[in-house]
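Trainee: Next comes query_36.pdb, PDB, C-alpha atoms and all ligand atoms:
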ATOM      1  CA  MET U  27      -8.617 -19.198   2.163
ATOM      2  CA  GLU U  28     -11.230 -19.025  -0.585
ATOM      3  CA  GLY U  29     -10.201 -16.383  -3.086
ATOM      4  CA  LYS U  30      -7.231 -15.095  -1.108
ATOM      5  CA  LYS U  31      -4.821 -13.476  -3.546
ATOM      6  CA  ILE U  32      -1.260 -14.722  -3.434
ATOM      7  CA  LEU U  33       1.697 -13.269  -5.294
ATOM      8  CA  LEU U  34       4.505 -15.739  -5.906
ATOM      9  CA  VAL U  35       7.813 -14.199  -6.970
ATOM     10  CA  GLU U  36      10.109 -17.063  -7.921
ATOM     11  CA  ASP U  37      12.479 -17.323 -10.871
ATOM     12  CA  GLU U  38      12.745 -21.119 -10.823
ATOM     13  CA  VAL U  39       9.981 -21.671 -13.348
ATOM     14  CA  LYS U  40       9.320 -25.326 -12.529
ATOM     15  CA  LEU U  41       9.104 -24.706  -8.803
ATOM     16  CA  ALA U  42       6.901 -21.661  -9.381
ATOM     17  CA  ARG U  43       4.577 -23.692 -11.597
ATOM     18  CA  PHE U  44       4.349 -26.482  -9.018
ATOM     19  CA  VAL U  45       3.562 -24.127  -6.138
ATOM     20  CA  GLU U  46       1.077 -22.216  -8.293
ATOM     21  CA  LEU U  47      -0.873 -25.379  -9.152
ATOM     22  CA  GLU U  48      -0.900 -26.609  -5.560
ATOM     23  CA  LEU U  49      -2.095 -23.276  -4.207
ATOM     24  CA  LYS U  50      -4.794 -23.022  -6.851
ATOM     25  CA  TYR U  51      -5.915 -26.499  -5.915
ATOM     26  CA  GLU U  52      -6.291 -25.225  -2.344
ATOM     27  CA  GLY U  53      -8.543 -22.430  -3.560
ATOM     28  CA  TYR U  54      -6.055 -19.552  -3.608
ATOM     29  CA  GLU U  55      -5.861 -17.071  -6.459
ATOM     30  CA  VAL U  56      -2.242 -17.070  -7.578
ATOM     31  CA  THR U  57      -0.209 -14.575  -9.574
ATOM     32  CA  VAL U  58       3.311 -15.622 -10.558
ATOM     33  CA  CYS U  59       6.277 -13.396 -11.438
ATOM     34  CA  HIS U  60       9.706 -14.727 -12.385
ATOM     35  CA  ASP U  61      11.449 -11.370 -12.025
ATOM     36  CA  GLY U  62      11.914  -9.187  -8.946
ATOM     37  CA  ARG U  63      11.186  -5.881 -10.578
ATOM     38  CA  GLU U  64       8.071  -7.222 -12.256
ATOM     39  CA  GLY U  65       7.010  -8.588  -8.861
ATOM     40  CA  MET U  66       7.470  -5.176  -7.232
ATOM     41  CA  ASN U  67       5.424  -3.542  -9.992
ATOM     42  CA  ARG U  68       2.591  -5.990  -9.415
ATOM     43  CA  ILE U  69       2.656  -5.221  -5.696
ATOM     44  CA  MET U  70       2.416  -1.495  -6.437
ATOM     45  CA  ASP U  71      -0.515  -2.041  -8.802
ATOM     46  CA  GLU U  72      -2.567  -4.690  -7.044
ATOM     47  CA  GLU U  73      -3.719  -5.795  -3.636
ATOM     48  CA  PHE U  74      -2.432  -9.165  -2.473
ATOM     49  CA  ASP U  75      -3.270 -11.033   0.715
ATOM     50  CA  MET U  76       0.156 -12.651   0.887
ATOM     51  CA  ILE U  77       3.507 -12.567  -0.896
ATOM     52  CA  LEU U  78       5.721 -15.631  -1.322
ATOM     53  CA  LEU U  79       9.155 -14.364  -2.118
ATOM     54  CA  ASP U  80      12.283 -16.019  -3.413
ATOM     55  CA  LEU U  81      15.480 -14.189  -2.390
ATOM     56  CA  MET U  82      17.810 -14.535  -5.352
ATOM     57  CA  LEU U  83      15.839 -12.974  -8.170
ATOM     58  CA  PRO U  84      16.712 -11.206 -11.389
ATOM     59  CA  GLY U  85      15.787  -7.523 -11.454
ATOM     60  CA  LEU U  86      15.363  -6.886  -7.733
ATOM     61  CA  THR U  87      16.282  -9.133  -4.794
ATOM     62  CA  GLY U  88      13.705 -10.523  -2.413
ATOM     63  CA  ILE U  89      15.279  -8.549   0.460
ATOM     64  CA  GLU U  90      14.889  -5.283  -1.424
ATOM     65  CA  ILE U  91      11.287  -6.081  -2.345
ATOM     66  CA  CYS U  92      10.528  -6.919   1.267
ATOM     67  CA  ARG U  93      12.101  -3.712   2.526
ATOM     68  CA  ARG U  94      10.146  -1.591   0.052
ATOM     69  CA  VAL U  95       6.828  -3.328   0.692
ATOM     70  CA  ARG U  96       7.153  -2.831   4.445
ATOM     71  CA  LYS U  97       7.168   0.920   3.927
ATOM     72  CA  PHE U  98       3.522   0.898   3.001
ATOM     73  CA  SER U  99       2.069  -2.499   3.793
ATOM     74  CA  ARG U 100       1.869  -5.176   6.481
ATOM     75  CA  VAL U 101       0.890  -7.845   3.929
ATOM     76  CA  PRO U 102       2.228 -11.219   5.147
ATOM     77  CA  ILE U 103       5.486 -12.164   3.412
ATOM     78  CA  ILE U 104       6.982 -15.642   3.461
ATOM     79  CA  ILE U 105      10.487 -15.985   2.097
ATOM     80  CA  LEU U 106      11.515 -19.085   0.188
ATOM     81  CA  THR U 107      15.272 -19.571   0.550
ATOM     82  CA  ALA U 108      17.792 -22.011  -0.829
ATOM     83  CA  LYS U 109      19.876 -23.872   1.775
ATOM     84  CA  ASP U 110      22.990 -21.794   1.164
ATOM     85  CA  GLU U 111      21.268 -18.485   1.759
ATOM     86  CA  VAL U 112      21.255 -18.534   5.563
ATOM     87  CA  MET U 113      22.591 -14.999   5.883
ATOM     88  CA  ASP U 114      19.960 -13.832   3.432
ATOM     89  CA  LYS U 115      17.360 -15.559   5.557
ATOM     90  CA  VAL U 116      18.393 -13.444   8.546
ATOM     91  CA  ALA U 117      18.404 -10.320   6.395
ATOM     92  CA  GLY U 118      14.975 -11.276   5.117
ATOM     93  CA  LEU U 119      13.490 -11.439   8.568
ATOM     94  CA  ASP U 120      15.269  -8.191   9.454
ATOM     95  CA  SER U 121      13.730  -6.557   6.417
ATOM     96  CA  GLY U 122      10.251  -7.390   7.651
ATOM     97  CA  ALA U 123       9.340 -10.843   6.356
ATOM     98  CA  ASP U 124       6.964 -12.871   8.551
ATOM     99  CA  ASP U 125       8.476 -16.284   8.001
ATOM    100  CA  TYR U 126      10.857 -18.257   5.818
ATOM    101  CA  LEU U 127      10.951 -21.696   4.373
ATOM    102  CA  THR U 128      14.034 -23.517   3.126
ATOM    103  CA  LYS U 129      13.931 -25.090  -0.313
ATOM    104  CA  PRO U 130      13.158 -27.831  -1.075
ATOM    105  CA  PHE U 131      10.032 -27.848   1.068
ATOM    106  CA  ALA U 132       6.951 -30.005   1.268
ATOM    107  CA  ILE U 133       3.887 -28.197  -0.024
ATOM    108  CA  GLU U 134       2.007 -29.120   3.179
ATOM    109  CA  GLU U 135       4.681 -27.245   5.126
ATOM    110  CA  LEU U 136       4.177 -24.147   2.976
ATOM    111  CA  LEU U 137       0.388 -24.349   3.350
ATOM    112  CA  ALA U 138       0.738 -24.653   7.129
ATOM    113  CA  ARG U 139       3.102 -21.667   7.323
ATOM    114  CA  MET U 140       0.719 -19.653   5.179
ATOM    115  CA  ARG U 141      -2.186 -20.380   7.532
ATOM    116  CA  VAL U 142      -0.075 -19.289  10.523
ATOM    117  CA  ALA U 143       1.014 -16.079   8.770
ATOM    118  CA  PHE U 144      -2.601 -15.265   7.849
ATOM    119  CA  LYS U 145      -3.749 -15.798  11.403
ATOM    120  CA  HIS U 146      -0.905 -13.682  12.745
ATOM    121  CA  SER U 147      -1.575 -10.815  10.328
ATOM    122  CA  GLU U 148      -5.295 -10.853  11.123
ATOM    123  CA  GLY U 149      -4.329 -10.435  14.779
ATOM    124  CA  LEU U 150      -2.063  -7.509  13.930
ATOM    125  CA  THR U 151      -4.489  -5.665  11.678
ATOM    126  CA  ALA U 152      -7.261  -6.075  14.214
ATOM    127  CA  LYS U 153      -5.104  -4.094  16.622
ATOM    128  CA  LYS U 154      -3.808  -1.264  14.514
ATOM    129  CA  THR U 155      -5.969  -0.550  11.516
ATOM    130  CA  ILE U 156      -7.202   2.945  12.270
ATOM    131  CA  LEU U 157      -5.055   6.072  11.901
ATOM    132  CA  ARG U 158      -6.602   9.365  12.957
ATOM    133  CA  VAL U 159      -5.826  13.044  12.461
ATOM    134  CA  GLN U 160      -8.483  15.541  13.474
ATOM    135  CA  SER U 161     -11.646  14.527  11.627
ATOM    136  CA  MET U 162      -9.758  12.250   9.203
ATOM    137  CA  GLU U 163      -9.711   8.527   9.719
ATOM    138  CA  ILE U 164      -7.712   5.985   7.695
ATOM    139  CA  ASN U 165      -8.730   2.355   7.913
ATOM    140  CA  THR U 166      -5.586   0.606   6.678
ATOM    141  CA  GLU U 167      -7.304  -2.773   6.539
ATOM    142  CA  LYS U 168     -10.042  -1.574   4.217
ATOM    143  CA  ARG U 169      -7.712   1.048   2.686
ATOM    144  CA  MET U 170     -10.492   3.542   3.267
ATOM    145  CA  VAL U 171     -10.137   7.223   4.105
ATOM    146  CA  THR U 172     -12.958   9.244   5.617
ATOM    147  CA  VAL U 173     -13.173  12.874   6.673
ATOM    148  CA  GLY U 174     -15.998  13.612   9.074
ATOM    149  CA  GLY U 175     -17.409  10.183   8.231
ATOM    150  CA  LYS U 176     -17.493  10.858   4.462
ATOM    151  CA  VAL U 177     -15.472   8.553   2.227
ATOM    152  CA  VAL U 178     -12.675  10.150   0.195
ATOM    153  CA  ASP U 179     -11.944   8.500  -3.132
ATOM    154  CA  LEU U 180      -8.162   8.267  -3.571
ATOM    155  CA  THR U 181      -5.902   6.584  -6.101
ATOM    156  CA  LYS U 182      -3.370   4.044  -4.835
ATOM    157  CA  LYS U 183      -0.487   6.551  -4.869
ATOM    158  CA  GLU U 184      -2.547   9.286  -3.230
ATOM    159  CA  TYR U 185      -3.510   6.810  -0.529
ATOM    160  CA  GLU U 186       0.084   5.705   0.051
ATOM    161  CA  LEU U 187       1.293   9.298   0.212
ATOM    162  CA  LEU U 188      -1.439  10.214   2.687
ATOM    163  CA  CYS U 189      -0.659   7.183   4.869
ATOM    164  CA  TYR U 190       3.019   8.086   4.944
ATOM    165  CA  LEU U 191       2.221  11.669   5.958
ATOM    166  CA  VAL U 192      -0.277  10.587   8.617
ATOM    167  CA  GLN U 193       1.979   7.882  10.049
ATOM    168  CA  ASN U 194       4.555  10.646  10.520
ATOM    169  CA  LYS U 195       2.139  13.346  11.586
ATOM    170  CA  ASN U 196       3.670  16.543  12.963
ATOM    171  CA  ILE U 197       7.022  15.607  11.386
ATOM    172  CA  VAL U 198       8.166  17.624   8.381
ATOM    173  CA  LEU U 199       9.052  15.279   5.512
ATOM    174  CA  THR U 200      11.294  16.432   2.685
ATOM    175  CA  ARG U 201      10.394  15.815  -0.955
ATOM    176  CA  GLU U 202      13.308  13.389  -1.141
ATOM    177  CA  GLN U 203      12.078  11.420   1.874
ATOM    178  CA  ILE U 204       8.589  11.255   0.444
ATOM    179  CA  LEU U 205       9.890  10.257  -2.963
ATOM    180  CA  ASN U 206      12.056   7.513  -1.488
ATOM    181  CA  GLU U 207       9.365   6.147   0.775
ATOM    182  CA  VAL U 208       6.333   6.362  -1.483
ATOM    183  CA  TRP U 209       7.810   6.013  -4.955
ATOM    184  CA  GLY U 210      10.902   3.972  -4.093
ATOM    185  CA  TYR U 211      14.622   4.590  -4.453
ATOM    186  CA  SER U 212      14.649   3.527  -8.064
ATOM    187  CA  TYR U 213      12.121   6.151  -9.101
ATOM    188  CA  MET U 214      13.590   7.941 -12.104
ATOM    189  CA  GLY U 215      10.972  10.601 -12.796
ATOM    190  CA  GLU U 216      10.673  14.238 -11.829
ATOM    191  CA  THR U 217      10.953  15.149  -8.136
ATOM    192  CA  ASN U 218       8.010  17.521  -8.552
ATOM    193  CA  VAL U 219       5.756  14.458  -8.730
ATOM    194  CA  VAL U 220       5.528  14.931  -4.936
ATOM    195  CA  ASP U 221       4.177  18.474  -5.308
ATOM    196  CA  VAL U 222       1.708  17.280  -7.919
ATOM    197  CA  TYR U 223       0.332  14.553  -5.631
ATOM    198  CA  ILE U 224       0.235  16.907  -2.646
ATOM    199  CA  ARG U 225      -1.965  19.159  -4.802
ATOM    200  CA  TYR U 226      -4.252  16.232  -5.638
ATOM    201  CA  LEU U 227      -4.579  15.361  -1.956
ATOM    202  CA  ARG U 228      -5.260  18.961  -0.969
ATOM    203  CA  ALA U 229      -7.975  19.245  -3.592
ATOM    204  CA  LYS U 230      -9.631  16.004  -2.471
ATOM    205  CA  ILE U 231      -9.246  16.542   1.270
ATOM    206  CA  ASP U 232      -8.323  20.035   2.528
ATOM    207  CA  GLU U 233     -10.293  21.941  -0.098
ATOM    208  CA  ALA U 234     -13.171  19.475  -0.442
ATOM    209  CA  PHE U 235     -13.797  19.428   3.302
ATOM    210  CA  GLY U 236     -12.667  22.939   4.244
ATOM    211  CA  GLU U 237     -10.238  21.669   6.862
ATOM    212  CA  LYS U 238      -6.469  22.100   6.693
ATOM    213  CA  PHE U 239      -4.519  18.857   7.069
ATOM    214  CA  ILE U 240      -1.463  19.175   4.835
ATOM    215  CA  HIS U 241       0.981  21.946   5.661
ATOM    216  CA  THR U 242       3.943  23.209   3.649
ATOM    217  CA  ILE U 243       7.263  24.333   5.026
ATOM    218  CA  ARG U 244       8.582  26.368   2.148
ATOM    219  CA  GLY U 245      11.835  25.044   0.758
ATOM    220  CA  VAL U 246      11.749  22.023   3.073
ATOM    221  CA  GLY U 247       8.729  19.803   2.592
ATOM    222  CA  TYR U 248       5.319  18.797   3.881
ATOM    223  CA  TYR U 249       3.613  17.484   6.975
ATOM    224  CA  VAL U 250       0.214  16.615   8.315
ATOM    225  CA  LYS U 251      -0.572  18.554  11.435
ATOM    226  CA  GLU U 252      -2.522  17.318  14.410
ATOM    227  CA  GLU U 253      -3.866  20.385  16.210
TER     228      GLU U 253
HETATM  229 CA    CA U 301      15.991 -17.712  -7.274
END
What does the file become when written as structure tokens?
Mentor:
Amino acid sequence: MEGKKILLVEDEVKLARFVELELKYEGYEVTVCHDGREGMNRIMDEEFDMILLDLMLPGLTGIEICRRVRKFSRVPIIILTAKDEVMDKVAGLDSGADDYLTKPFAIEELLARMRVAFKHSEGLTAKKTILRVQSMEINTEKRMVTVGGKVVDLTKKEYELLCYLVQNKNIVLTREQILNEVWGYSYMGETNVVDVYIRYLRAKIDEAFGEKFIHTIRGVGYYVKEE
């Protein structure tokens, strides 16, 4: 567990502080957010090895965070619920969380659950880490994209967009679908951000390697084609 990066999203400041100190003592690197939206922003900006998620949060609920994260990541998520949030607990597992723990909990219990979730996720990623289309290969564990064995340098958003296209290869995705999946429902910017990022990807992949991956259906959207 040396150096594993944990994000703790918990608005009960005292509890968050306690868990943070205990996890640090165990050798984890811990980032704490007290607000759901801030937590989601951190997840979009940084790589974490695990997310510990309270359900009732200001800004954005734990369920919503979980649902959004699962669209682009299999990072282990453990939900921390209060006793009276049983229905939320079910919803949390439905939305893709790996485990839940009822508050108050013993720190040893949390540490044990974390070890189980890590082991489980290592098993999963070992199975399904490589996505392939033609000469392109995406290693989702290393977050590395290669074309013909050469590494392609992508930003986080470019990578997420490419993964979404490749996971749905041969399916035409509308701009709205892409925007919702990759940028999130709350995205308030211009819808042409999709076109802009498709251009970036084409420049870095299709044009750089002289092989066509990303296809346009005019007036509808985009897809990655497996010949
Ligand atoms: Ca709370």
Trainee: Hey, which of U:Tyr223, U:Phe74, U:Phe131, U:Tyr190 ends up closest to U:Thr57? Count all atoms listed in the file.
Mentor: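 Looking at the shortest contact to U:Thr57, the residue is U:Phe74.
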Trainee: Output the residue selection produced by the PyMOL selection byres (((not hetatm)) within 7 of (chain U and resi 301)) on the file above, formatted as a list in words.
Mentor: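 Residues picked by the PyMOL selection byres (((not hetatm)) within 7 of (chain U and resi 301)): Glu36, Asp37, Glu38, Asp80, Leu81, Met82 and Leu83 of chain U.
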Trainee: Could you jot down the atom CA of U:Arg225 to atom CA of U:Arg63 separation for me, Å, one decimal place?
Mentor: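 Taking atom CA of U:Arg225 as the start and atom CA of U:Arg63 as the end point, the length is 28.9 Å.
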Trainee: Selection in question (the file shown): the PyMOL selection byres (((chain U and resi 252) around 10) and not hetatm). Which residues does it include, as a list in words?
Mentor: Arg158, Val159, Gln160, Ser161, Val192, Lys195, Asn196, Lys238, Phe239, Ile240, Tyr249, Val250, Lys251 and Glu253 of chain U
Trainee: One decimal, Å: what's the distance from atom CA of U:Asn67 over to atom CA of U:Leu86, could you say?
Mentor: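 Separating atom CA of U:Asn67 from atom CA of U:Leu86 is a distance of 10.7 Å.
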